[in-house]
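File shown: my_file.cif. Contents: mmCIF, C-alpha atoms.
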```cif
data_protein
loop_
_atom_site.label_atom_id
_atom_site.label_comp_id
_atom_site.auth_asym_id
_atom_site.auth_seq_id
_atom_site.Cartn_x
_atom_site.Cartn_y
_atom_site.Cartn_z
CA ASP F 1 0.00 0.00 0.00
CA THR F 2 1.55 3.30 -1.08
CA GLU F 3 -1.33 5.58 -0.18
CA VAL F 4 -1.08 9.07 1.18
CA THR F 5 -4.43 10.73 1.86
CA GLN F 6 -5.14 14.44 2.03
CA THR F 7 -8.17 16.40 3.18
CA PRO F 8 -9.93 18.46 2.09
CA LYS F 9 -9.73 17.96 -1.66
CA HIS F 10 -10.70 21.57 -2.31
CA LEU F 11 -10.61 24.61 -0.05
CA VAL F 12 -11.71 28.19 -0.65
CA MET F 13 -10.77 30.71 2.01
CA GLY F 14 -10.70 34.44 2.54
CA MET F 15 -7.57 36.33 3.47
CA THR F 16 -8.64 36.62 7.12
CA ASN F 17 -9.58 32.96 7.59
CA LYS F 18 -7.72 30.27 9.49
CA LYS F 19 -7.85 26.78 8.04
CA SER F 20 -5.85 23.56 8.15
CA LEU F 21 -4.83 20.97 5.60
CA LYS F 22 -4.43 17.39 6.75
CA CYS F 23 -2.29 14.53 5.49
CA GLU F 24 -2.14 10.91 6.63
CA GLN F 25 -0.05 7.87 5.71
CA HIS F 26 0.12 4.37 7.16
CA MET F 27 3.20 3.09 5.36
CA GLY F 28 5.44 3.45 8.39
CA HIS F 29 7.30 6.30 6.71
CA ARG F 30 9.11 8.59 9.11
CA ALA F 31 9.70 11.48 6.69
CA MET F 32 6.79 13.66 5.58
CA TYR F 33 6.74 16.65 3.27
CA TRP F 34 4.65 19.61 2.20
CA TYR F 35 4.98 20.88 -1.35
CA LYS F 36 3.26 23.69 -3.23
CA GLN F 37 2.57 23.35 -6.93
CA LYS F 38 1.42 26.08 -9.28
CA ALA F 39 -0.01 25.28 -12.70
CA LYS F 40 2.54 24.09 -15.27
CA LYS F 41 5.34 24.16 -12.69
CA PRO F 42 7.11 21.37 -10.76
CA PRO F 43 6.34 20.79 -7.09
CA GLU F 44 8.15 23.23 -4.81
CA LEU F 45 9.31 21.95 -1.43
CA MET F 46 8.03 23.83 1.63
CA PHE F 47 8.73 21.71 4.71
CA VAL F 48 10.21 18.34 5.67
CA TYR F 49 9.56 16.47 8.90
CA SER F 50 11.86 13.62 9.85
CA TYR F 51 10.92 11.51 12.88
CA GLU F 52 8.24 14.09 13.74
CA LYS F 53 10.79 16.92 13.92
CA LEU F 54 10.96 19.77 11.44
CA SER F 55 14.18 19.24 9.50
CA ILE F 56 13.78 21.54 6.50
CA ASN F 57 11.92 24.83 6.16
CA GLU F 58 12.46 26.33 2.73
CA SER F 59 12.06 29.91 3.95
CA VAL F 60 8.30 29.64 3.86
CA PRO F 61 6.33 32.67 5.15
CA SER F 62 5.01 32.32 8.69
CA ARG F 63 1.41 32.40 7.49
CA PHE F 64 2.06 28.70 6.76
CA SER F 65 2.59 26.70 9.94
CA PRO F 66 3.31 22.96 9.76
CA GLU F 67 2.64 20.47 12.52
CA CYS F 68 3.43 16.77 12.84
CA PRO F 69 1.33 15.40 15.75
CA ASN F 70 2.55 11.82 15.24
CA SER F 71 4.37 9.66 12.74
CA SER F 72 1.29 9.17 10.55
CA LEU F 73 -0.15 12.68 10.47
CA LEU F 74 0.97 15.99 9.03
CA ASN F 75 -0.97 19.23 9.19
CA LEU F 76 -0.48 22.58 7.51
CA HIS F 77 -2.13 25.47 9.32
CA LEU F 78 -3.02 28.46 7.18
CA HIS F 79 -3.64 31.99 8.39
CA ALA F 80 -3.89 35.36 6.64
CA LEU F 81 -3.03 33.94 3.24
CA GLN F 82 -2.70 36.01 0.08
CA PRO F 83 -4.36 35.34 -3.28
CA GLU F 84 -0.95 34.36 -4.70
CA ASP F 85 -0.90 31.45 -2.25
CA SER F 86 -3.62 29.78 -4.31
CA ALA F 87 -2.11 26.51 -5.54
CA LEU F 88 -2.22 22.73 -5.24
CA TYR F 89 -0.73 21.70 -1.89
CA LEU F 90 0.81 18.27 -1.92
CA CYS F 91 1.82 16.03 0.94
CA ALA F 92 4.37 13.26 0.47
CA SER F 93 6.05 10.65 2.63
CA SER F 94 9.13 8.45 2.42
CA LEU F 95 11.61 6.51 4.45
CA PRO F 96 13.93 9.00 6.14
CA GLY F 97 17.29 9.99 4.67
CA GLY F 98 16.28 10.25 1.04
CA ASP F 99 14.21 7.69 -0.80
CA THR F 100 11.21 7.44 -3.07
CA GLN F 101 8.59 9.97 -2.05
CA TYR F 102 4.95 9.00 -2.40
CA PHE F 103 2.53 11.84 -2.96
CA GLY F 104 -1.04 12.37 -1.92
CA PRO F 105 -3.73 13.65 -4.31
CA GLY F 106 -3.34 17.22 -3.09
CA THR F 107 -5.59 19.98 -1.78
CA ARG F 108 -6.60 22.61 -4.32
CA LEU F 109 -6.52 25.88 -2.35
CA THR F 110 -8.10 29.10 -3.56
CA VAL F 111 -7.56 32.30 -1.58
CA LEU F 112 -10.05 35.06 -2.33
CA ASP V 113 20.23 27.49 -11.72
CA GLN V 114 18.29 24.53 -13.03
CA GLN V 115 19.95 21.35 -11.85
CA VAL V 116 17.45 19.02 -13.54
CA LYS V 117 16.36 19.87 -17.04
CA GLN V 118 13.63 18.48 -19.20
CA ASN V 119 14.17 20.34 -22.42
CA SER V 120 11.05 19.16 -24.22
CA PRO V 121 7.93 20.77 -22.75
CA SER V 122 5.73 18.47 -24.82
CA LEU V 123 5.81 15.25 -26.83
CA SER V 124 3.16 13.68 -29.03
CA VAL V 125 3.22 10.01 -30.12
CA GLN V 126 0.89 7.52 -31.71
CA GLU V 127 -0.69 4.76 -29.68
CA GLY V 128 1.40 1.59 -29.81
CA ARG V 129 4.64 3.42 -30.59
CA ILE V 130 7.52 4.18 -28.23
CA SER V 131 7.58 7.33 -26.11
CA ILE V 132 11.01 8.58 -25.07
CA LEU V 133 11.22 11.30 -22.44
CA ASN V 134 14.59 12.84 -21.70
CA CYS V 135 16.15 14.44 -18.66
CA ASP V 136 19.58 16.00 -18.07
CA TYR V 137 21.18 16.95 -14.78
CA THR V 138 24.16 19.03 -13.79
CA ASN V 139 24.90 18.07 -10.19
CA SER V 140 27.32 15.13 -10.05
CA MET V 141 26.23 14.46 -6.45
CA PHE V 142 22.86 13.22 -7.70
CA ASP V 143 22.77 9.53 -7.19
CA TYR V 144 19.11 8.52 -7.31
CA PHE V 145 16.64 9.40 -10.02
CA LEU V 146 12.89 9.07 -10.24
CA TRP V 147 10.12 9.56 -12.76
CA TYR V 148 6.68 10.71 -11.72
CA LYS V 149 3.53 10.91 -13.79
CA LYS V 150 0.97 13.61 -13.07
CA TYR V 151 -2.59 14.08 -14.24
CA PRO V 152 -4.16 17.56 -13.92
CA ALA V 153 -5.28 18.47 -10.38
CA GLU V 154 -3.84 15.24 -8.94
CA GLY V 155 -0.67 14.47 -7.02
CA PRO V 156 2.36 13.01 -8.83
CA THR V 157 2.38 9.22 -9.04
CA PHE V 158 5.71 7.45 -8.66
CA LEU V 159 6.53 5.44 -11.78
CA ILE V 160 10.05 4.12 -11.67
CA SER V 161 13.45 4.93 -10.20
CA ILE V 162 17.10 4.14 -10.80
CA SER V 163 20.21 4.47 -8.69
CA SER V 164 23.60 5.30 -10.10
CA ILE V 165 24.92 1.77 -9.65
CA LYS V 166 22.66 0.66 -12.49
CA ASP V 167 22.28 1.85 -16.05
CA LYS V 168 18.84 0.40 -16.69
CA ASN V 169 15.73 -0.42 -14.72
CA GLU V 170 12.62 -1.95 -16.18
CA ASP V 171 9.06 -2.25 -14.89
CA GLY V 172 6.50 -3.52 -17.34
CA ARG V 173 6.13 -1.05 -20.18
CA PHE V 174 8.43 1.46 -18.49
CA THR V 175 12.22 1.42 -18.73
CA VAL V 176 14.59 4.05 -17.38
CA PHE V 177 18.12 4.36 -18.76
CA LEU V 178 20.89 6.24 -16.99
CA ASN V 179 24.07 7.50 -18.62
CA LYS V 180 26.16 8.87 -15.75
CA SER V 181 29.00 10.12 -17.87
CA ALA V 182 26.60 12.19 -19.94
CA LYS V 183 24.47 13.10 -16.90
CA HIS V 184 21.44 12.00 -18.86
CA LEU V 185 18.49 9.75 -18.21
CA SER V 186 15.54 8.75 -20.30
CA LEU V 187 12.19 7.08 -19.76
CA HIS V 188 10.94 4.71 -22.47
CA ILE V 189 7.28 3.71 -22.60
CA VAL V 190 6.54 0.79 -24.92
CA PRO V 191 3.90 0.45 -26.21
CA SER V 192 2.40 3.86 -25.51
CA GLN V 193 -1.27 3.96 -24.58
CA PRO V 194 -3.74 6.89 -24.52
CA GLY V 195 -3.93 6.55 -20.71
CA ASP V 196 -0.23 7.44 -20.57
CA SER V 197 -1.12 11.00 -21.58
CA ALA V 198 0.04 13.10 -18.63
CA VAL V 199 2.88 15.34 -17.49
CA TYR V 200 6.04 13.41 -16.63
CA PHE V 201 8.48 14.84 -14.09
CA CYS V 202 12.06 13.73 -13.73
CA ALA V 203 13.48 14.14 -10.20
CA ALA V 204 16.90 13.64 -8.64
CA SER V 205 18.43 13.43 -5.18
CA PRO V 206 21.78 12.62 -3.59
CA GLY V 207 20.18 9.27 -2.81
CA VAL V 208 19.44 7.07 0.13
CA GLY V 209 21.66 7.96 3.01
CA GLY V 210 22.88 10.97 1.10
CA GLY V 211 21.53 13.09 3.89
CA SER V 212 19.10 14.99 1.78
CA GLU V 213 15.39 14.54 1.55
CA LYS V 214 15.25 17.24 -1.10
CA LEU V 215 14.10 16.05 -4.47
CA VAL V 216 15.00 18.36 -7.33
CA PHE V 217 12.38 18.27 -10.04
CA GLY V 218 12.58 19.10 -13.71
CA LYS V 219 9.87 21.29 -15.22
CA GLY V 220 8.04 18.35 -16.75
CA THR V 221 7.19 17.04 -20.21
CA LYS V 222 3.59 16.81 -21.31
CA LEU V 223 3.07 13.53 -23.17
CA THR V 224 0.09 13.12 -25.47
CA VAL V 225 -0.60 9.66 -26.87
CA ASN V 226 -2.96 9.82 -29.83
CA PRO V 227 -5.31 6.91 -30.54
#
```
Just dump the structure as structure tokens.
Amino acid sequence: DTEVTQTPKHLVMGMTNKKSLKCEQHMGHRAMYWYKQKAKKPPELMFVYSYEKLSINESVPSRFSPECPNSSLLNLHLHALQPEDSALYLCASSLPGGDTQYFGPGTRLTVL
Amino acid sequence: DQQVKQNSPSLSVQEGRISILNCDYTNSMFDYFLWYKKYPAEGPTFLISISSIKDKNEDGRFTVFLNKSAKHLSLHIVPSQPGDSAVYFCAASPGVGGGSEKLVFGKGTKLTVNP
């Protein structure tokens, strides 16, 4: 089973809203990732968690706040986003240390 | 500085023929290479990978070739099917144990397989 699930599938939010994206995997992977993907562009890494600790933050604005409550779950808390933050947000997981990353279906986020 | 390059933004082939997607890289530390397939509004799906100790890896209709000296890899799909129509991303990393969980992606090649 190589499934990573993400909820919600679609999200529309205003610039003053607070919302969260959720990601779950049950493959026993101890590395989890958040990516942002704009249309016709490759995925762009945002954060990496390894063994539930934040190991990489690619200089992402603080209006994006990741959280890894346990080894199977990854959240991305959103607050005061801008319209240019509208994108497909992808979660991925892998064995730690660099290995094949398996992606979820993504959350399509629209910021009005 | 683009470390992984997919120079063909699009490719069109006939059903049943071979599709060849190319990828070049510049960083000699890259040691592990992957191909992902992506449909619109979905997450990338892992297709096939290859590590630098091999020059070929095959999985069904998909074969990846690696030429380390040329820093070039290619994905062959034989025979191509209309369901293969998607964007294909090449990705590279310093590999397992290389200490980096960062995948570097190319910009993608849109494959269209015509019936």
The PyMOL selection byres ((chain V) within 12 of (chain F)) applied to the shown file, residues as a count of residues only:
53
Could you work out how far CA of Glu24 in chain F lies from CA of Ser71 in chain F, giving the answer in Å with one decimal?
9.0 Å
List, as number ranges by chain, every residue that the PyMOL selection byres ((chain F and resi 82-86) around 12) selects in the file provided.
F: 10-17, 36-39, 60-61, 63-64, 78-81, 87-89, 107-112
Name every residue that the PyMOL selection byres ((chain V and resi 171-179) around 8) selects in this structure, writing the answer as a list in words with chains first and numbers rising.
Ile160, Ser161, Ile162, Ser164, Lys166, Asp167, Lys168, Asn169, Glu170, Lys180, Ser181, Ala182, Lys183, His184, Leu185, Ser186, Leu187, His188, Ile189, Val190 and Pro191 of chain V
Can you write out the residues you just picked, keeping C-alpha atoms, as a short mmCIF file (atom, residue, chain, number, x, y, z; two decimals), keeping the file's coordinate frame?
```
data_model
loop_
_atom_site.label_atom_id
_atom_site.label_comp_id
_atom_site.auth_asym_id
_atom_site.auth_seq_id
_atom_site.Cartn_x
_atom_site.Cartn_y
_atom_site.Cartn_z
CA ILE V 160 10.05 4.12 -11.67
CA SER V 161 13.45 4.93 -10.20
CA ILE V 162 17.10 4.14 -10.80
CA SER V 164 23.60 5.30 -10.10
CA LYS V 166 22.66 0.66 -12.49
CA ASP V 167 22.28 1.85 -16.05
CA LYS V 168 18.84 0.40 -16.69
CA ASN V 169 15.73 -0.42 -14.72
CA GLU V 170 12.62 -1.95 -16.18
CA LYS V 180 26.16 8.87 -15.75
CA SER V 181 29.00 10.12 -17.87
CA ALA V 182 26.60 12.19 -19.94
CA LYS V 183 24.47 13.10 -16.90
CA HIS V 184 21.44 12.00 -18.86
CA LEU V 185 18.49 9.75 -18.21
CA SER V 186 15.54 8.75 -20.30
CA LEU V 187 12.19 7.08 -19.76
CA HIS V 188 10.94 4.71 -22.47
CA ILE V 189 7.28 3.71 -22.60
CA VAL V 190 6.54 0.79 -24.92
CA PRO V 191 3.90 0.45 -26.21
#
```
CA of Gln25 in chain F to CA of Asn70 in chain F measures 10.6 Å
For CA of Asp136 in chain V and CA of Asn119 in chain V, the interatomic separation in Å (one decimal)
8.2 Å
With all atoms listed in the file as the counted atoms, please give the residues lying no more than 8 Å from Ser20 in chain F, apart from itself and same-chain residues fewer than 6 positions off, as number ranges by chain.
F: 75-78
